[in-house]
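First up is the structure itself, then whatever we jot down about it.
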Amino acid sequence: MLNSALDSRIFRNLFGTEEIRDIFSDEAYIKCLIEIEIALARAEAKVNVIPQESADAIAENAKYEKLDLDRMAADTENVGYPVLPLVWQLAEMVPQEHAKYIHWGATTQDIMDCASMVQMRRGLVVVRRNLHDLNATLTTLSRKYADTPMAGRTHLQHALPITFGYKCAVYLSSIQRHIQRLTEIERRCLLVQFGGAAGTLASLGSDDTGLKVRKQLAMELGLHDPSITWHVARDNIAEIINFLALVGGSLGKIALDIIIMSSNEVAEVSEPFVPFRGASSTMPQKRNPISSEVILASSKLLRSNASLALDAMVSDFERASGPWHLEWSCVPDSFVLCSGALHQANFIMRGLLVNTDVMSRNLNMTKGLIVAEAVMMGTAPKLGRQRAHDVVYEACTKAIETNLPLIDVLQQDESLVAQVGEEKLRSLCDPCQYLGCCRQMIENVINYE
């Protein structure tokens, strides 16, 4: 049954991948909860809080395969959280003399937060790999098309000449920053959670025993040990989800460009050809930019989820009365959406069809108007900037009205030709001679470390 596009058998592989869904599935989450309970027991045994044989017994007997999932679901509906129902069943699996040490000194949120952190750590591995794949592909495109001229557009109008490699390098620069952000986020935000009922670890005494357990638990789980309990300081979760939204925003920008550039009127690029992909039920000629459309939708959903994560930060006192629950939805959904969008982006860019001839044709379709600034700046040393602006503005107006190339109109101004020279004017009207620092900036991005 369809609950959402992310769960639907029909739509799910458009918006996500099996790999990322497996990390955030019910089964994976429950296994993470069990993993946390086992890791906590091991950590406490190493700090001599519980007997080592009890930790071993918990690790040996606490098995996902032994769970009654229907019972757990029913108990969770009643309790409101899955940890106590889980602990009840784990206690039945473990010999009685050792079962009493399950969940020792912990609170429900400790276990659930740690499980979410482990899932997010694994999810970020997938995100990182996809970002690096996209980084490599965009690097190749930036280098390959570094000298391929095309029309740069502002407000959907021709502005100045650029190269397609420059456009790809702009995309690439944002992906590079996301990789850099991810490294910082992994260090700053993937924190272990262990604080007990009100975060003070009072259940383990007034000395530093609880802090030692927390540090050991962090080591067991591959997470970082925080300076203080963060039950109601949820900025780390919000940062991760907002990071995924930032990635989605960058991918959405690329997707929107491709959607417009693949329109029949522009036709400069198109998504990889796969038989019947983007086909219409009534218009056989259609090849809709499906992957770009999915990315664009995902970017908007990610932005919406980012706001939920920010709302979840506003918690009351030492344990939230409700905002925490928002994360149960926005965290897994955001990872699925971001990973799915990255998967679609990699598919597009690896097989992107680039129509360089059309780019050249479009660049010249305004018959030189796209280099009006070049003419103005090139004649300014002779005429003065304001006079040059006025002369070129009048020439552009006449070129539009008469449908003549800009160079032809400029050559009709004998005074201008005398002052600047016909050869100079022709050079100024060549779009390929007005690419600025495109090549240098592309190299800067490609060589960025």
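Going by the structure tokens order, chains are called A, B, ..., each with residues numbered from 1, while ligands are numbered from 1 in the order shown.
Residues within 7 Å of stretch 207-222 of chain A, counting only C-alpha atoms and excluding same-chain residues fewer than 4 positions away, are Ala39, Leu40, Ala43, Glu44, Val47, Val192, Phe194 and Leu201 of chain A.
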Write the selection just made, keeping N, CA and C atoms, as a PDB file, in the first residue's frame?
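Once written, again.pdb looks like this:
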```pdb
ATOM      1  N   ALA A  39      26.555  -2.871  23.129  1.00  0.00           N
ATOM      2  CA  ALA A  39      27.726  -2.001  23.275  1.00  0.00           C
ATOM      3  C   ALA A  39      27.757  -1.349  24.653  1.00  0.00           C
ATOM      4  N   LEU A  40      26.579  -0.961  25.170  1.00  0.00           N
ATOM      5  CA  LEU A  40      26.524  -0.365  26.507  1.00  0.00           C
ATOM      6  C   LEU A  40      26.972  -1.375  27.559  1.00  0.00           C
ATOM      7  N   ALA A  43      30.721  -1.708  27.334  1.00  0.00           N
ATOM      8  CA  ALA A  43      31.383  -0.512  27.869  1.00  0.00           C
ATOM      9  C   ALA A  43      31.349  -0.515  29.385  1.00  0.00           C
ATOM     10  N   GLU A  44      30.204  -0.879  29.954  1.00  0.00           N
ATOM     11  CA  GLU A  44      30.076  -0.886  31.416  1.00  0.00           C
ATOM     12  C   GLU A  44      30.916  -1.983  32.044  1.00  0.00           C
ATOM     13  N   VAL A  47      34.475  -0.796  32.296  1.00  0.00           N
ATOM     14  CA  VAL A  47      34.667   0.196  33.354  1.00  0.00           C
ATOM     15  C   VAL A  47      34.317  -0.412  34.719  1.00  0.00           C
ATOM     16  N   VAL A 192      27.944  10.318  20.654  1.00  0.00           N
ATOM     17  CA  VAL A 192      27.292   9.275  21.444  1.00  0.00           C
ATOM     18  C   VAL A 192      26.333   9.941  22.429  1.00  0.00           C
ATOM     19  N   PHE A 194      24.545   9.240  26.148  1.00  0.00           N
ATOM     20  CA  PHE A 194      24.388   8.447  27.366  1.00  0.00           C
ATOM     21  C   PHE A 194      24.353   9.410  28.542  1.00  0.00           C
ATOM     22  N   LEU A 201      23.673  11.383  34.515  1.00  0.00           N
ATOM     23  CA  LEU A 201      24.349  10.106  34.787  1.00  0.00           C
ATOM     24  C   LEU A 201      24.385   9.780  36.273  1.00  0.00           C
TER      25      LEU A 201
END
```
Report, in Å with one decimal, the straight-line distance from atom CA of A:Arg287 to atom CA of A:Ala267.
11.8 Å
Have a look at A:Gln344, A:Ser270, A:Thr148, A:Gln193 and name the one nearest to A:Asp133; count only C-alpha atoms.
A:Gln344
Between atom CA of A:Gly16 and atom CA of A:Asn305 lies a distance of 15.5 Å
Name the residues of stretch 155-346 of chain A that come out as strand (DSSP E) in a backbone DSSP run; write them as a list in words.
Gln157, His158, Ala159, Leu160, Pro161, Ile162, Thr163, Val269 and Ser270 of chain A
Go ahead and save the picked residues with N, CA, C and O atoms, as a compact mmCIF listing (two decimals), in the first residue's frame.
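File produced: out-v8.txt:
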```txt
# COMPACT_ATOMS: atom_id res chain seq x y z
N GLN A 157 17.99 35.45 -19.93
CA GLN A 157 18.39 36.17 -21.14
C GLN A 157 19.88 35.99 -21.37
O GLN A 157 20.65 35.80 -20.42
N HIS A 158 20.30 36.08 -22.63
CA HIS A 158 21.73 36.05 -22.92
C HIS A 158 22.43 37.18 -22.18
O HIS A 158 21.99 38.34 -22.22
N ALA A 159 23.52 36.85 -21.52
CA ALA A 159 24.27 37.86 -20.76
C ALA A 159 25.65 38.06 -21.36
O ALA A 159 25.89 39.03 -22.08
N LEU A 160 26.55 37.11 -21.11
CA LEU A 160 27.90 37.14 -21.66
C LEU A 160 28.31 35.72 -22.03
O LEU A 160 27.75 34.75 -21.50
N PRO A 161 29.29 35.57 -22.89
CA PRO A 161 29.79 34.22 -23.20
C PRO A 161 30.47 33.59 -21.98
O PRO A 161 31.13 34.27 -21.20
N ILE A 162 30.25 32.30 -21.82
CA ILE A 162 30.98 31.49 -20.85
C ILE A 162 31.39 30.22 -21.59
O ILE A 162 31.23 30.13 -22.80
N THR A 163 31.93 29.26 -20.86
CA THR A 163 32.14 27.93 -21.44
C THR A 163 31.35 26.92 -20.64
O THR A 163 31.03 27.15 -19.47
N VAL A 269 21.78 20.39 -23.91
CA VAL A 269 22.13 19.12 -23.27
C VAL A 269 20.89 18.26 -23.19
O VAL A 269 19.76 18.74 -23.36
N SER A 270 21.08 17.00 -22.90
CA SER A 270 19.95 16.12 -22.59
C SER A 270 20.43 15.01 -21.69
O SER A 270 21.62 14.66 -21.67
```
With 12 Å as the cut-off and only C-alpha atoms counted, what is the closest atom pair between each nearby residue of stretch 332-405 of chain A and stretch 237-259 of chain A? Distances in Å to one decimal, ordered by chain and number, as a Markdown table.
```
| residue | atom | partner | partner_atom | distance |
| --- | --- | --- | --- | --- |
| A:Pro332 | CA | A:Ile241 | CA | 9.6 |
| A:Asp333 | CA | A:Ile241 | CA | 9.8 |
| A:Ser334 | CA | A:Ile241 | CA | 6.6 |
| A:Phe335 | CA | A:Leu244 | CA | 7.2 |
| A:Val336 | CA | A:Leu244 | CA | 10.0 |
| A:Leu337 | CA | A:Gly248 | CA | 8.3 |
| A:Cys338 | CA | A:Leu244 | CA | 6.0 |
| A:Ser339 | CA | A:Leu244 | CA | 8.9 |
| A:Gly340 | CA | A:Gly248 | CA | 10.0 |
| A:Ala341 | CA | A:Gly248 | CA | 7.1 |
| A:Leu342 | CA | A:Leu251 | CA | 7.4 |
| A:His343 | CA | A:Leu251 | CA | 10.6 |
| A:Gln344 | CA | A:Leu251 | CA | 9.5 |
| A:Ala345 | CA | A:Leu251 | CA | 7.0 |
| A:Asn346 | CA | A:Leu251 | CA | 10.1 |
| A:Phe347 | CA | A:Ala255 | CA | 11.9 |
| A:Ile348 | CA | A:Ala255 | CA | 9.1 |
| A:Met349 | CA | A:Ile254 | CA | 9.7 |
| A:Leu352 | CA | A:Ile258 | CA | 9.5 |
| A:Leu353 | CA | A:Ile258 | CA | 10.6 |
| A:Val354 | CA | A:Ile258 | CA | 10.6 |
```
Tell me which protein, DNA and RNA residues are within 12 Å of A:Arg129, counting only C-alpha atoms, leaving out same-chain ones fewer than 3 positions away, and put them as a PDB file with C-alpha atoms, in the first residue's frame.
```pdb
ATOM      1  CA  ARG A 122      26.391   4.781   7.994  1.00  0.00           C
ATOM      2  CA  GLY A 123      24.128   6.948   5.857  1.00  0.00           C
ATOM      3  CA  LEU A 124      26.775   9.647   5.588  1.00  0.00           C
ATOM      4  CA  VAL A 125      29.201   7.043   4.254  1.00  0.00           C
ATOM      5  CA  VAL A 126      26.793   6.515   1.346  1.00  0.00           C
ATOM      6  CA  HIS A 132      32.942  11.867  -4.475  1.00  0.00           C
ATOM      7  CA  ASP A 133      31.517  10.116  -7.554  1.00  0.00           C
ATOM      8  CA  LEU A 134      29.784  13.319  -8.615  1.00  0.00           C
ATOM      9  CA  ASN A 135      32.935  15.303  -7.850  1.00  0.00           C
ATOM     10  CA  ALA A 136      34.934  13.075 -10.193  1.00  0.00           C
ATOM     11  CA  ILE A 175      30.123  19.718  -4.348  1.00  0.00           C
ATOM     12  CA  HIS A 178      29.812  19.807   0.624  1.00  0.00           C
ATOM     13  CA  ILE A 179      32.582  17.220   0.939  1.00  0.00           C
ATOM     14  CA  LEU A 182      30.771  16.531   5.584  1.00  0.00           C
ATOM     15  CA  SER A 339      20.975   9.669  -1.495  1.00  0.00           C
ATOM     16  CA  LEU A 342      22.723  12.007  -5.641  1.00  0.00           C
ATOM     17  CA  HIS A 343      22.124   8.693  -7.390  1.00  0.00           C
ATOM     18  CA  ASN A 346      25.390  10.752 -10.964  1.00  0.00           C
TER      19      ASN A 346
END
```
Based on DSSP run over this structure's backbone, return all residues of stretch 277-341 of chain A in helix (DSSP H, G or I), as a tab-separated table (two decimals) with C-alpha atoms, in the first residue's frame.
```tsv
chain	number	residue	atom	x	y	z
A	290	ILE	CA	12.84	12.56	-15.55
A	291	SER	CA	15.91	12.35	-13.33
A	292	SER	CA	16.20	16.13	-13.16
A	293	GLU	CA	12.53	16.42	-12.27
A	294	VAL	CA	12.92	13.91	-9.44
A	295	ILE	CA	16.00	15.74	-8.14
A	296	LEU	CA	14.14	19.04	-8.20
A	297	ALA	CA	11.24	17.55	-6.21
A	298	SER	CA	13.66	15.94	-3.75
A	299	SER	CA	15.45	19.22	-3.18
A	300	LYS	CA	12.18	20.82	-2.12
A	301	LEU	CA	11.28	17.94	0.20
A	302	LEU	CA	14.74	18.11	1.76
A	303	ARG	CA	14.29	21.81	2.42
A	304	SER	CA	10.96	21.06	4.13
A	305	ASN	CA	12.58	18.39	6.29
A	306	ALA	CA	15.35	20.79	7.24
A	307	SER	CA	12.76	23.09	8.77
A	308	LEU	CA	11.36	20.15	10.78
A	309	ALA	CA	14.82	19.44	12.17
A	310	LEU	CA	15.11	23.08	13.19
A	311	ASP	CA	11.70	22.88	14.90
A	312	ALA	CA	12.89	19.79	16.79
A	325	HIS	CA	9.44	12.96	17.47
A	326	LEU	CA	9.84	15.13	14.36
A	327	GLU	CA	13.28	13.61	13.85
A	328	TRP	CA	11.79	10.14	13.58
A	329	SER	CA	10.30	11.26	10.26
A	330	CYS	CA	12.71	13.84	8.85
A	331	VAL	CA	15.96	11.96	9.53
A	332	PRO	CA	15.32	8.76	7.54
A	333	ASP	CA	13.35	10.59	4.85
A	334	SER	CA	16.15	13.13	4.34
A	335	PHE	CA	18.80	10.45	3.96
A	336	VAL	CA	16.67	8.54	1.46
A	337	LEU	CA	15.87	11.70	-0.53
A	338	CYS	CA	19.45	13.01	-0.56
A	339	SER	CA	20.97	9.67	-1.50
A	340	GLY	CA	18.34	9.18	-4.17
A	341	ALA	CA	18.97	12.64	-5.61
```
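Note that atom CA of A:Thr76 and atom CA of A:Ser54 are 26.3 Å apart.
The list of residues with at least one atom within 7 Å of stretch 25-33 of chain A, based on only C-alpha atoms and without residues fewer than 5 positions apart in the same chain, reads Tyr64, Ile111, Met112 and Ala115 of chain A.
Proximity ranking of A:Glu35, A:Tyr101, A:Val87, A:Pro82 relative to A:Ile50 places A:Tyr101 first, based on only C-alpha atoms.
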Using only C-alpha atoms, the residue out of A:Ile442, A:Ala197, A:Leu138, A:Val266 with shortest distance to A:Met365 is A:Val266
